[in-house]
file protein-v6.cif (mmCIF, C-alpha atoms)
data_upload
#
loop_
_atom_site.group_PDB
_atom_site.id
_atom_site.type_symbol
_atom_site.label_atom_id
_atom_site.label_comp_id
_atom_site.auth_asym_id
_atom_site.auth_seq_id
_atom_site.Cartn_x
_atom_site.Cartn_y
_atom_site.Cartn_z
ATOM 1 C CA MET A 1 -17.815 -21.974 51.504
ATOM 2 C CA ALA A 2 -19.612 -19.622 53.814
ATOM 3 C CA ASN A 3 -18.022 -16.668 55.495
ATOM 4 C CA PRO A 4 -18.281 -17.398 59.219
ATOM 5 C CA LYS A 5 -17.852 -13.869 60.528
ATOM 6 C CA ASN A 6 -19.950 -12.123 57.841
ATOM 7 C CA LYS A 7 -16.970 -10.069 56.724
ATOM 8 C CA PRO A 8 -16.752 -8.994 53.097
ATOM 9 C CA VAL A 9 -14.473 -11.196 51.079
ATOM 10 C CA ASN A 10 -11.468 -9.383 49.602
ATOM 11 C CA ASN A 11 -10.214 -11.279 46.567
ATOM 12 C CA PHE A 12 -7.334 -8.809 45.993
ATOM 13 C CA PRO A 13 -4.414 -8.930 48.379
ATOM 14 C CA ASP A 14 -3.377 -5.563 49.809
ATOM 15 C CA ASN A 15 0.288 -5.952 49.005
ATOM 16 C CA LYS A 16 -0.214 -6.227 45.217
ATOM 17 C CA LYS A 17 0.322 -2.980 43.332
ATOM 18 C CA MET A 18 -1.177 -2.205 39.953
ATOM 19 C CA LYS A 19 1.301 -3.120 37.202
ATOM 20 C CA PHE A 20 2.209 -0.662 34.472
ATOM 21 C CA ASN A 21 1.379 -2.006 31.041
ATOM 22 C CA ILE A 22 4.211 -1.432 28.523
ATOM 23 C CA THR A 23 1.654 -1.194 25.728
ATOM 24 C CA TRP A 24 0.789 2.335 26.861
ATOM 25 C CA THR A 25 4.409 3.353 26.356
ATOM 26 C CA TYR A 26 4.372 2.073 22.780
ATOM 27 C CA LEU A 27 1.084 3.850 22.150
ATOM 28 C CA ILE A 28 2.412 7.173 23.417
ATOM 29 C CA ILE A 29 5.592 6.854 21.352
ATOM 30 C CA ALA A 30 3.579 6.029 18.225
ATOM 31 C CA ILE A 31 1.269 9.010 18.768
ATOM 32 C CA VAL A 32 4.193 11.388 19.286
ATOM 33 C CA LEU A 33 5.968 10.140 16.152
ATOM 34 C CA LEU A 34 2.831 10.448 14.049
ATOM 35 C CA ALA A 35 2.163 13.951 15.394
ATOM 36 C CA VAL A 36 5.690 15.066 14.521
ATOM 37 C CA TRP A 37 5.386 13.522 11.077
ATOM 38 C CA TRP A 38 2.028 15.137 10.286
ATOM 39 C CA TRP A 39 2.510 18.567 11.842
ATOM 40 C CA ASN A 40 6.088 19.286 10.878
ATOM 41 C CA PRO A 41 6.278 23.032 10.118
ATOM 42 C CA ARG A 42 8.668 22.425 7.216
ATOM 43 C CA SER A 43 6.148 20.131 5.574
ATOM 44 C CA ALA A 44 3.999 22.996 4.324
ATOM 45 C CA ASN A 45 3.610 22.378 0.615
ATOM 46 C CA PRO A 46 4.749 25.243 -1.592
ATOM 47 C CA THR A 47 2.500 26.408 -4.420
ATOM 48 C CA GLU A 48 3.607 26.017 -8.026
ATOM 49 C CA ILE A 49 3.988 29.213 -10.026
ATOM 50 C CA ASP A 50 5.008 30.005 -13.576
ATOM 51 C CA ASN A 51 7.753 32.183 -15.018
ATOM 52 C CA VAL A 52 5.565 35.295 -15.280
ATOM 53 C CA GLN A 53 4.591 35.179 -11.600
ATOM 54 C CA PHE A 54 8.226 34.647 -10.627
ATOM 55 C CA ASN A 55 9.329 37.625 -12.729
ATOM 56 C CA ASN A 56 6.682 39.791 -11.032
ATOM 57 C CA MET A 57 8.049 38.764 -7.631
ATOM 58 C CA VAL A 58 11.550 39.739 -8.760
ATOM 59 C CA VAL A 59 10.364 43.128 -9.992
ATOM 60 C CA LYS A 60 8.447 43.782 -6.738
ATOM 61 C CA GLN A 61 11.553 42.799 -4.726
ATOM 62 C CA ASP A 62 9.582 40.257 -2.677
ATOM 63 C CA ILE A 63 12.090 37.393 -2.882
ATOM 64 C CA LYS A 64 14.426 36.724 0.039
ATOM 65 C CA GLU A 65 16.278 33.806 -1.563
ATOM 66 C CA VAL A 66 15.929 31.062 -4.134
ATOM 67 C CA MET A 67 17.093 27.463 -3.896
ATOM 68 C CA TYR A 68 17.586 25.263 -6.937
ATOM 69 C CA VAL A 69 16.806 21.655 -5.992
ATOM 70 C CA GLN A 70 18.382 19.429 -8.622
ATOM 71 C CA LYS A 71 16.724 16.161 -7.585
ATOM 72 C CA ASN A 72 13.247 17.687 -8.012
ATOM 73 C CA GLU A 73 14.242 19.866 -10.974
ATOM 74 C CA ARG A 74 12.672 22.927 -9.465
ATOM 75 C CA VAL A 75 13.453 26.257 -7.862
ATOM 76 C CA GLU A 76 12.074 26.848 -4.363
ATOM 77 C CA ILE A 77 11.222 30.473 -3.686
ATOM 78 C CA PHE A 78 11.490 31.979 -0.212
ATOM 79 C CA LEU A 79 9.712 35.308 0.195
ATOM 80 C CA LYS A 80 10.609 38.130 2.549
ATOM 81 C CA GLU A 81 8.577 37.942 5.750
ATOM 82 C CA LYS A 82 7.501 41.566 5.400
ATOM 83 C CA SER A 83 6.081 40.865 1.943
ATOM 84 C CA VAL A 84 4.167 37.796 3.139
ATOM 85 C CA GLU A 85 2.704 39.674 6.100
ATOM 86 C CA THR A 86 1.742 42.886 4.312
ATOM 87 C CA LYS A 87 0.894 42.087 0.689
ATOM 88 C CA GLU A 88 -2.526 40.775 -0.216
ATOM 89 C CA GLU A 89 -1.355 38.449 -3.016
ATOM 90 C CA TYR A 90 0.577 36.352 -0.471
ATOM 91 C CA LYS A 91 -2.191 36.050 2.140
ATOM 92 C CA GLU A 92 -2.486 32.254 1.667
ATOM 93 C CA GLN A 93 1.194 31.923 2.695
ATOM 94 C CA LYS A 94 0.901 33.720 6.060
ATOM 95 C CA ASN A 95 1.095 30.426 7.970
ATOM 96 C CA ASN A 96 4.331 29.516 6.161
ATOM 97 C CA LEU A 97 6.715 32.369 6.918
ATOM 98 C CA GLN A 98 9.875 30.232 6.854
ATOM 99 C CA GLY A 99 9.153 29.013 3.348
ATOM 100 C CA PRO A 100 9.544 27.930 0.708
ATOM 101 C CA GLN A 101 6.244 29.499 -0.207
ATOM 102 C CA TYR A 102 6.413 28.816 -3.949
ATOM 103 C CA TYR A 103 8.259 26.642 -6.425
ATOM 104 C CA MET A 104 8.805 26.724 -10.138
ATOM 105 C CA PRO A 105 9.806 23.778 -12.353
ATOM 106 C CA VAL A 106 13.244 24.315 -13.883
ATOM 107 C CA THR A 107 15.058 21.812 -16.051
ATOM 108 C CA ASP A 108 18.308 23.739 -16.547
ATOM 109 C CA PHE A 109 19.729 25.974 -13.838
ATOM 110 C CA GLN A 110 21.941 27.944 -16.244
ATOM 111 C CA VAL A 111 18.943 28.893 -18.399
ATOM 112 C CA PHE A 112 17.026 29.922 -15.268
ATOM 113 C CA ASN A 113 19.944 32.065 -14.083
ATOM 114 C CA ALA A 114 20.305 33.718 -17.508
ATOM 115 C CA ASN A 115 16.567 34.517 -17.616
ATOM 116 C CA LEU A 116 16.710 35.931 -14.093
ATOM 117 C CA ASN A 117 19.638 38.198 -14.985
ATOM 118 C CA GLN A 118 17.769 39.334 -18.104
ATOM 119 C CA VAL A 119 14.666 40.242 -16.065
ATOM 120 C CA ILE A 120 16.775 42.199 -13.592
ATOM 121 C CA GLU A 121 18.602 44.054 -16.404
ATOM 122 C CA GLU A 122 15.311 44.924 -18.128
ATOM 123 C CA GLU A 123 13.854 46.253 -14.877
ATOM 124 C CA VAL A 124 16.952 48.357 -14.175
ATOM 125 C CA ASP A 125 16.843 49.711 -17.754
ATOM 126 C CA TYR A 126 13.170 50.576 -17.265
ATOM 127 C CA GLN A 127 13.924 52.366 -13.970
ATOM 128 C CA VAL A 128 16.793 54.322 -15.557
ATOM 129 C CA ALA A 129 14.617 55.323 -18.557
ATOM 130 C CA ALA A 130 11.733 56.365 -16.296
ATOM 131 C CA ASP A 131 13.899 58.445 -13.952
ATOM 132 C CA THR A 132 16.397 60.657 -15.751
ATOM 133 C CA THR A 133 18.037 61.703 -12.470
ATOM 134 C CA ILE A 134 19.694 58.285 -12.089
ATOM 135 C CA LEU A 135 23.372 58.495 -12.956
ATOM 136 C CA PRO A 136 25.304 55.611 -14.528
ATOM 137 C CA MET A 137 27.153 55.152 -11.215
ATOM 138 C CA GLN A 138 23.852 54.630 -9.450
ATOM 139 C CA ARG A 139 22.825 51.909 -11.887
ATOM 140 C CA LYS A 140 24.895 49.312 -10.014
ATOM 141 C CA ALA A 141 23.300 50.251 -6.677
ATOM 142 C CA LEU A 142 19.854 50.068 -8.283
ATOM 143 C CA LYS A 143 20.650 46.627 -9.688
ATOM 144 C CA GLU A 144 21.738 45.365 -6.257
ATOM 145 C CA LYS A 145 18.215 46.025 -4.910
ATOM 146 C CA TYR A 146 16.905 43.246 -7.149
ATOM 147 C CA ILE A 147 19.618 40.698 -6.377
ATOM 148 C CA PHE A 148 19.005 37.932 -3.826
ATOM 149 C CA PRO A 149 20.948 34.807 -2.830
ATOM 150 C CA ILE A 150 20.635 31.789 -5.100
ATOM 151 C CA LYS A 151 21.509 28.487 -3.449
ATOM 152 C CA GLN A 152 21.850 25.056 -5.004
ATOM 153 C CA ASP A 153 20.891 21.710 -3.524
ATOM 154 C CA ASN A 154 22.714 19.138 -5.633
ATOM 155 C CA SER A 155 21.883 16.145 -3.460
ATOM 156 C CA LYS A 156 20.350 13.164 -5.182
ATOM 157 C CA SER A 157 19.197 11.294 -2.123
ATOM 158 C CA TRP A 158 16.055 9.233 -2.453
ATOM 159 C CA GLY A 159 16.368 7.384 0.847
ATOM 160 C CA GLY A 160 15.057 10.218 2.981
ATOM 161 C CA GLU A 161 11.830 10.542 1.057
ATOM 162 C CA LEU A 162 11.421 6.781 0.986
ATOM 163 C CA MET A 163 11.835 6.642 4.754
ATOM 164 C CA LEU A 164 9.112 9.264 5.174
ATOM 165 C CA TRP A 165 6.696 6.778 3.641
ATOM 166 C CA ILE A 166 8.037 3.478 4.958
ATOM 167 C CA LEU A 167 8.906 4.412 8.556
ATOM 168 C CA PRO A 168 5.341 5.379 9.585
ATOM 169 C CA LEU A 169 3.962 2.212 7.990
ATOM 170 C CA VAL A 170 6.515 0.084 9.849
ATOM 171 C CA LEU A 171 5.694 1.849 13.109
ATOM 172 C CA ILE A 172 1.979 1.279 12.604
ATOM 173 C CA PHE A 173 2.605 -2.400 11.827
ATOM 174 C CA LEU A 174 4.781 -2.789 14.945
ATOM 175 C CA PHE A 175 2.186 -1.032 17.056
ATOM 176 C CA TYR A 176 -0.544 -3.311 15.685
ATOM 177 C CA TYR A 177 1.620 -6.405 16.270
ATOM 178 C CA ILE A 178 2.493 -5.446 19.857
ATOM 179 C CA MET A 179 -1.066 -4.485 20.733
ATOM 180 C CA PHE A 180 -2.735 -7.589 19.331
ATOM 181 C CA ARG A 181 -0.054 -10.193 19.989
ATOM 182 C CA PRO A 182 -1.713 -11.358 23.232
ATOM 183 C CA MET A 183 -4.994 -11.865 21.371
ATOM 184 C CA MET A 184 -3.355 -13.953 18.665
ATOM 185 C CA LYS A 185 -2.280 -16.638 21.111
ATOM 186 C CA GLY A 186 -5.799 -17.911 21.450
#

call {"tool": "encode", "arguments": {"input": "protein-v6.cif", "output": "structure tokens"}}
result
Amino acid sequence: MANPKNKPVNNFPDNKKMKFNITWTYLIIAIVLLAVWWWNPRSANPTEIDNVQFNNMVVKQDIKEVMYVQKNERVEIFLKEKSVETKEEYKEQKNNLQGPQYYMPVTDFQVFNANLNQVIEEEVDYQVAADTTILPMQRKALKEKYIFPIKQDNSKSWGGELMLWILPLVLIFLFYYIMFRPMMKG
């Protein structure tokens, strides 16, 4: 059919507004969830150390606190922020100030605690032998410099770690299903 007045044909009515596609909402939610999952500051992986390295940290008074995690059979070591920022041996941990920066496998907490107390006693004995001006009354104050809080996590939950693996996969599957559902209809 010819246009009698030579006016351009407008196939889109002026009163129709552009519709918002709900797919974009799902996409944004999926991206935000994946970003939170991947860049969680607590997800920094601590480095495994052995008993000798741990004992050196105790002697240098670099440890802020220690947490025994029973379900993983390990001790998580949190260093003092000042030590992480200033000492060269901890330079790889500067982006993980909250910690834990290190962990050490431990099968029995009581054995770990006994070994820790032995290391502290040996260091205090060494300090007293090296400095004859330290009185027996000052020995207790010297020992307190090496003591730090020891916490225990006795939880045996496996569901949280399982959800960290399953939830993102389910979200990706749902995203894929929602995005490509219109194409599946033929």

call {"tool": "residues_around", "arguments": {"input": "protein-v6.cif", "residues": "range 131-144 of chain A", "least_positions_apart": "6", "cutoff": "9 Å", "atoms": "only C-alpha atoms", "output": "number ranges by chain"}}
result
A: 120-121, 123-125

call {"tool": "closest_residue", "arguments": {"input": "protein-v6.cif", "among": "A:Val119, A:Ile77, A:Val128, A:Ile22", "to": "Pro149 in chain A", "atoms": "all atoms listed in the file"}}
result
A:Ile77

call {"tool": "closest_residue", "arguments": {"input": "protein-v6.cif", "among": "A:Lys145, A:Lys151, A:Lys80, A:Arg181", "to": "Met67 in chain A", "atoms": "all atoms listed in the file"}}
result
A:Lys151

call {"tool": "resolve_selection", "arguments": {"input": "protein-v6.cif", "expression": "the PyMOL selection byres ((chain A and resi 116) around 12)", "output": "PyMOL selection string"}}
result
chain A and resi 51-52+54-59+66+75+109-115+117-123+146-148+150

call {"tool": "resolve_selection", "arguments": {"input": "protein-v6.cif", "expression": "the PyMOL selection byres ((chain A and resi 105) around 7)", "output": "PDB file with C-alpha atoms, in the frame of the given file"}}
result
ATOM      1  CA  GLU A  73      14.242  19.866 -10.974  1.00  0.00           C
ATOM      2  CA  ARG A  74      12.672  22.927  -9.465  1.00  0.00           C
ATOM      3  CA  VAL A  75      13.453  26.257  -7.862  1.00  0.00           C
ATOM      4  CA  TYR A 103       8.259  26.642  -6.425  1.00  0.00           C
ATOM      5  CA  MET A 104       8.805  26.724 -10.138  1.00  0.00           C
ATOM      6  CA  VAL A 106      13.244  24.315 -13.883  1.00  0.00           C
ATOM      7  CA  THR A 107      15.058  21.812 -16.051  1.00  0.00           C
TER       8      THR A 107
END

call {"tool": "atom_distance", "arguments": {"input": "protein-v6.cif", "atom1": "CA of Ala30 in chain A", "atom2": "CA of Ile166 in chain A"}}
result
14.2 Å

call {"tool": "closest_residue", "arguments": {"input": "protein-v6.cif", "among": "A:Gln152, A:Gln127, A:Gln70, A:Gln93", "to": "Thr47 in chain A", "atoms": "all atoms listed in the file"}}
result
A:Gln93

call {"tool": "residues_around", "arguments": {"input": "protein-v6.cif", "residues": "Ser155 in chain A", "least_positions_apart": "5", "cutoff": "12 Å", "atoms": "only C-alpha atoms", "output": "list in words"}}
result
Tyr68, Val69, Gln70, Lys71, Asn72, Glu73 and Gly160 of chain A
